[in-house]
Amino acid sequence: MNLARRRRAKAVVLAVLCCCLTAWLCRLLLRPASLRASIVLTAFETTGLRPDWLRAICERYSSPEYAHLVEEVILVWNNPAAALPAGLPHSVKVVRSKENSLNNRWLAARNIRNPVVLAHDNDLVLNQAGIRCLLTVWREYPDRLIGPYARQRVDLDYVLDDLVSRPAPYHFILPRALVGASSALAEYGAPELAPLRDYVDTQAAHCDDLLLNLVVADLNQRPPLRVALPPASVSDYASVCSPLDRSLSSGLADQTSRSRLRTDCMQHFLSSPPFSLDASSPSSSQVAVCDADGSAYTVTNHVSLRRWRDMENGTAASLCPDLAARHLPPPPPQPKQATALRSELEEYCQPVDSARIEWLDALVDLKVCDAPADEPPDPGLVPSAQHQCGAWCVWDLRKPSRAGWRLRPGVCWERFEDGHADWCGEWFWQRPRFNLEDS
Ligand SMILES: *[C@@H]1O[C@H](CO)[C@@H](O)[C@H](O)[C@H]1NC(C)=O
């Protein structure tokens, strides 16, 4: 081989190598970095069921299966007087609070370098598709709070409605499960907000989440974005296990007069600078609906009741087997006939405890009081009840008035047309704020 040919061969090899290197570098730089969440949990309880739930949640998120979605698990331990529950995974980073304050869970964001935080209550756990969904949506809306549970205000009234019955504008994402930029969450700690953080500590509605929503919306002048998580992606201890024994799992939300307190709190925050109604509390009606594995979504204004209820997975027997064994009735020797009506009702409203089973039975078996035996069941009752899972006072959603049915257990459904002074009246706030005719 002569010298010239050798040189040419060398040049070709070099050029090919260069090309390869450039292509590899380009791929490295252009590939979206894999996004992982810093999970922030907050806990206080040392007795009852919550320490067990906390352990199960920490174990799940610290496991190798979640490593591609979870950067770190941070536990804000809000009980300075007590030791941590035993048996938490060693990898969990514990932040010990000096005092029990809900502010601590957002203040923790100031020390998080990872760009995205997933905060949630210690009474539910998400599967991988659920976390992937939240991250997929957040990646395209990094300046908003993202999450499945939302609330609205009507002017200056805070509304407790779950907003699963119909498309509805919403203003707040609840911290039951919520994703946001750590830099935005860290704004919660701004020095000028100190008086409002103090208010959170003294006001009974636990409204740190309202303050957080205002902080983040105000920062970017954008509403939050609600997400319908993939089907079966949420195991919700609070809705499945808590009803079996309230004394073991009392949550912050078990309060009477809650809607008034939340309203007071919201009005307090919005009544003076730095916040204002339009800039700090904008609304949206859009929902990002995730596909089954959470890697894609579509944005829509309408999500059906069934799709919302589909998010949940898990029965008492799988989430809290001991409680289920103690409090759920043994399966009947003759399994209940799965009538079409019963199956349909259970799709909307799981038979989570004895009271719920009795309620489902009542819808299938009982008539309206004083109705003749051969009369068909009231056509308004079941469609209304689907939106008022487990309620013993079912409001008639065909009418805007205070009409409805009161369950007389084991006997009949008592119809009332204009309020119900001695029983249902005080539960009118639970009526979903929409009419079946309009939807
Ligand atoms: C639903 O829960 C069951 C029992 O806990 C579990 O085996 C199953 O994988 C869960 N489904 C999803 C989609 O996570």
# chains A, B, ... in the order shown; residues from 1 in each chain; ligands from 1
>>> residues_near_ligand(ligand="ligand 1", cutoff="7 Å", atoms="only C-alpha atoms and all ligand atoms", output="list in words")
Asn127, Pro231, Ala232, Ser233, Asn313, Gly314, Ser318 and Leu319 of chain A
>>> write_last_selection(atoms="all heavy atoms", output="tab-separated table (two decimals), in the first residue's frame")
chain	number	residue	atom	x	y	z
A	127	ASN	N	-49.66	3.90	41.78
A	127	ASN	CA	-48.82	2.92	41.09
A	127	ASN	C	-47.91	3.66	40.10
A	127	ASN	O	-47.95	4.89	40.00
A	127	ASN	CB	-49.68	1.82	40.44
A	127	ASN	CG	-50.41	2.30	39.21
A	127	ASN	OD1	-50.29	3.46	38.79
A	127	ASN	ND2	-51.19	1.42	38.60
A	231	PRO	N	-56.58	4.48	34.84
A	231	PRO	CA	-57.47	3.59	35.57
A	231	PRO	C	-56.69	2.72	36.56
A	231	PRO	O	-55.59	2.28	36.27
A	231	PRO	CB	-58.09	2.72	34.46
A	231	PRO	CG	-58.01	3.58	33.24
A	231	PRO	CD	-56.77	4.40	33.39
A	232	ALA	N	-57.28	2.53	37.73
A	232	ALA	CA	-56.73	1.63	38.76
A	232	ALA	C	-55.36	2.05	39.27
A	232	ALA	O	-54.58	1.22	39.71
A	232	ALA	CB	-56.69	0.20	38.26
A	233	SER	N	-55.04	3.34	39.22
A	233	SER	CA	-53.69	3.76	39.62
A	233	SER	C	-53.59	4.25	41.07
A	233	SER	O	-52.51	4.49	41.57
A	233	SER	CB	-53.18	4.84	38.68
A	233	SER	OG	-54.05	5.95	38.67
A	313	ASN	N	-58.14	1.70	42.80
A	313	ASN	CA	-57.91	0.26	42.78
A	313	ASN	C	-57.66	-0.19	44.21
A	313	ASN	O	-56.96	0.45	44.95
A	313	ASN	CB	-56.69	-0.07	41.93
A	313	ASN	CG	-56.43	-1.56	41.88
A	313	ASN	OD1	-57.36	-2.34	41.82
A	313	ASN	ND2	-55.17	-1.95	41.91
A	314	GLY	N	-58.20	-1.31	44.56
A	314	GLY	CA	-57.89	-1.82	45.90
A	314	GLY	C	-59.14	-1.93	46.73
A	314	GLY	O	-59.95	-1.01	46.80
A	318	SER	N	-57.53	-6.18	50.38
A	318	SER	CA	-56.13	-6.11	49.98
A	318	SER	C	-55.37	-4.99	50.70
A	318	SER	O	-54.19	-5.12	50.98
A	318	SER	CB	-56.01	-5.94	48.46
A	318	SER	OG	-56.56	-4.70	48.06
A	319	LEU	N	-56.02	-3.89	51.04
A	319	LEU	CA	-55.31	-2.74	51.63
A	319	LEU	C	-55.24	-2.82	53.16
A	319	LEU	O	-54.30	-2.32	53.77
A	319	LEU	CB	-55.96	-1.43	51.22
A	319	LEU	CG	-55.87	-1.08	49.73
A	319	LEU	CD1	-56.54	0.26	49.45
A	319	LEU	CD2	-54.42	-1.04	49.28
>>> select_by_dssp(residues="segment 14-114 of chain A", states="strand (DSSP E)", output="VMD selection string")
chain A and resid 37 to 43 70 to 77 93 to 96
>>> closest_atom_pairs(of="segment 194-297 of chain A", to="segment 338-356 of chain A", cutoff="9 Å", atoms="only C-alpha atoms", output="CSV")
residue,atom,partner,partner_atom,distance
A:Ser239,CA,A:Val352,CA,8.0
A:Val240,CA,A:Val352,CA,5.6
A:Cys241,CA,A:Val352,CA,7.8
A:Pro243,CA,A:Asp353,CA,6.8
A:Leu244,CA,A:Asp353,CA,6.0
>>> closest_residue(among="A:Arg226, A:Lys10, A:His90, A:His206", to="Arg258 of chain A", atoms="only C-alpha atoms")
A:His206
>>> residues_around(residues="Pro223 of chain A", least_positions_apart="5", cutoff="9 Å", atoms="only C-alpha atoms", output="list in words")
Arg144, Leu145, Tyr170, His171, Phe172, Asn213, Val216, Ala217, Asp218, Ser280, Ser281, Pro282, Ser283 and Ser284 of chain A
>>> closest_residue(among="A:Thr298, A:Ser285, A:Gln267, A:Ser38", to="Val179 of chain A", atoms="only C-alpha atoms")
A:Ser38
>>> residues_around(residues="Glu417 of chain A", least_positions_apart="3", cutoff="9 Å", atoms="only C-alpha atoms", output="short mmCIF file (atom, residue, chain, number, x, y, z; two decimals) with C-alpha atoms, in the first residue's frame")
data_model
loop_
_atom_site.label_atom_id
_atom_site.label_comp_id
_atom_site.auth_asym_id
_atom_site.auth_seq_id
_atom_site.Cartn_x
_atom_site.Cartn_y
_atom_site.Cartn_z
CA SER A 401 -85.15 22.56 44.79
CA ARG A 402 -84.49 20.83 48.13
CA ALA A 403 -86.32 17.66 47.12
CA GLY A 404 -84.98 14.18 47.75
CA TRP A 405 -85.27 10.88 49.53
CA HIS A 420 -86.35 17.99 55.52
#
>>> closest_residue(among="A:Arg151, A:Arg113, A:Arg36, A:Arg262", to="Val164 of chain A", atoms="only C-alpha atoms")
A:Arg151
>>> decode(residues="segment 264-283 of chain A", atoms="N, CA, C and O atoms", output="mmCIF file, in the first residue's frame")
data_model
loop_
_atom_site.group_PDB
_atom_site.id
_atom_site.type_symbol
_atom_site.label_atom_id
_atom_site.label_comp_id
_atom_site.auth_asym_id
_atom_site.auth_seq_id
_atom_site.Cartn_x
_atom_site.Cartn_y
_atom_site.Cartn_z
ATOM 1 N N ASP A 264 -63.733 31.065 55.042
ATOM 2 C CA ASP A 264 -63.101 32.138 55.840
ATOM 3 C C ASP A 264 -61.629 32.275 55.478
ATOM 4 O O ASP A 264 -61.100 33.371 55.294
ATOM 5 N N CYS A 265 -60.972 31.131 55.395
ATOM 6 C CA CYS A 265 -59.538 31.133 55.149
ATOM 7 C C CYS A 265 -59.227 31.718 53.775
ATOM 8 O O CYS A 265 -58.371 32.594 53.627
ATOM 9 N N MET A 266 -59.961 31.236 52.778
ATOM 10 C CA MET A 266 -59.730 31.714 51.408
ATOM 11 C C MET A 266 -59.952 33.223 51.310
ATOM 12 O O MET A 266 -59.170 33.952 50.705
ATOM 13 N N GLN A 267 -61.041 33.678 51.960
ATOM 14 C CA GLN A 267 -61.334 35.114 51.919
ATOM 15 C C GLN A 267 -60.236 35.916 52.608
ATOM 16 O O GLN A 267 -59.864 36.992 52.155
ATOM 17 N N HIS A 268 -59.727 35.361 53.697
ATOM 18 C CA HIS A 268 -58.646 36.045 54.401
ATOM 19 C C HIS A 268 -57.434 36.234 53.477
ATOM 20 O O HIS A 268 -56.877 37.324 53.376
ATOM 21 N N PHE A 269 -57.057 35.167 52.782
ATOM 22 C CA PHE A 269 -55.887 35.248 51.890
ATOM 23 C C PHE A 269 -56.119 36.223 50.739
ATOM 24 O O PHE A 269 -55.205 36.914 50.299
ATOM 25 N N LEU A 270 -57.352 36.218 50.223
ATOM 26 C CA LEU A 270 -57.613 37.018 49.014
ATOM 27 C C LEU A 270 -57.957 38.470 49.324
ATOM 28 O O LEU A 270 -58.112 39.281 48.417
ATOM 29 N N SER A 271 -58.068 38.797 50.610
ATOM 30 C CA SER A 271 -58.567 40.122 50.947
ATOM 31 C C SER A 271 -57.492 41.204 50.928
ATOM 32 O O SER A 271 -57.806 42.375 51.023
ATOM 33 N N SER A 272 -56.221 40.827 50.813
ATOM 34 C CA SER A 272 -55.207 41.871 50.819
ATOM 35 C C SER A 272 -53.985 41.423 50.036
ATOM 36 O O SER A 272 -53.818 40.241 49.766
ATOM 37 N N PRO A 273 -53.109 42.384 49.636
ATOM 38 C CA PRO A 273 -51.918 42.034 48.876
ATOM 39 C C PRO A 273 -51.101 40.977 49.642
ATOM 40 O O PRO A 273 -51.181 40.937 50.864
ATOM 41 N N PRO A 274 -50.340 40.144 48.959
ATOM 42 C CA PRO A 274 -50.011 40.246 47.532
ATOM 43 C C PRO A 274 -51.032 39.599 46.605
ATOM 44 O O PRO A 274 -50.812 39.596 45.399
ATOM 45 N N PHE A 275 -52.141 39.068 47.132
ATOM 46 C CA PHE A 275 -53.034 38.303 46.263
ATOM 47 C C PHE A 275 -54.258 39.098 45.835
ATOM 48 O O PHE A 275 -54.719 39.979 46.557
ATOM 49 N N SER A 276 -54.778 38.721 44.653
ATOM 50 C CA SER A 276 -56.040 39.299 44.198
ATOM 51 C C SER A 276 -56.838 38.204 43.517
ATOM 52 O O SER A 276 -56.272 37.212 43.055
ATOM 53 N N LEU A 277 -58.151 38.394 43.470
ATOM 54 C CA LEU A 277 -59.051 37.343 42.997
ATOM 55 C C LEU A 277 -58.667 36.852 41.601
ATOM 56 O O LEU A 277 -58.517 35.652 41.372
ATOM 57 N N ASP A 278 -58.492 37.758 40.649
ATOM 58 C CA ASP A 278 -58.277 37.323 39.264
ATOM 59 C C ASP A 278 -56.879 36.777 39.035
ATOM 60 O O ASP A 278 -56.697 35.743 38.403
ATOM 61 N N ALA A 279 -55.884 37.464 39.546
ATOM 62 C CA ALA A 279 -54.503 37.069 39.252
ATOM 63 C C ALA A 279 -54.079 35.845 40.065
ATOM 64 O O ALA A 279 -53.294 35.032 39.600
ATOM 65 N N SER A 280 -54.610 35.703 41.258
ATOM 66 C CA SER A 280 -54.106 34.654 42.144
ATOM 67 C C SER A 280 -55.023 33.443 42.214
ATOM 68 O O SER A 280 -54.650 32.424 42.785
ATOM 69 N N SER A 281 -56.233 33.559 41.684
ATOM 70 C CA SER A 281 -57.151 32.434 41.785
ATOM 71 C C SER A 281 -57.917 32.226 40.484
ATOM 72 O O SER A 281 -59.146 32.190 40.466
ATOM 73 N N PRO A 282 -57.176 32.076 39.361
ATOM 74 C CA PRO A 282 -57.838 31.853 38.079
ATOM 75 C C PRO A 282 -58.420 30.436 38.024
ATOM 76 O O PRO A 282 -57.958 29.556 38.747
ATOM 77 N N SER A 283 -59.424 30.252 37.163
ATOM 78 C CA SER A 283 -60.055 28.936 37.077
ATOM 79 C C SER A 283 -59.731 28.283 35.748
ATOM 80 O O SER A 283 -59.334 28.940 34.784
#
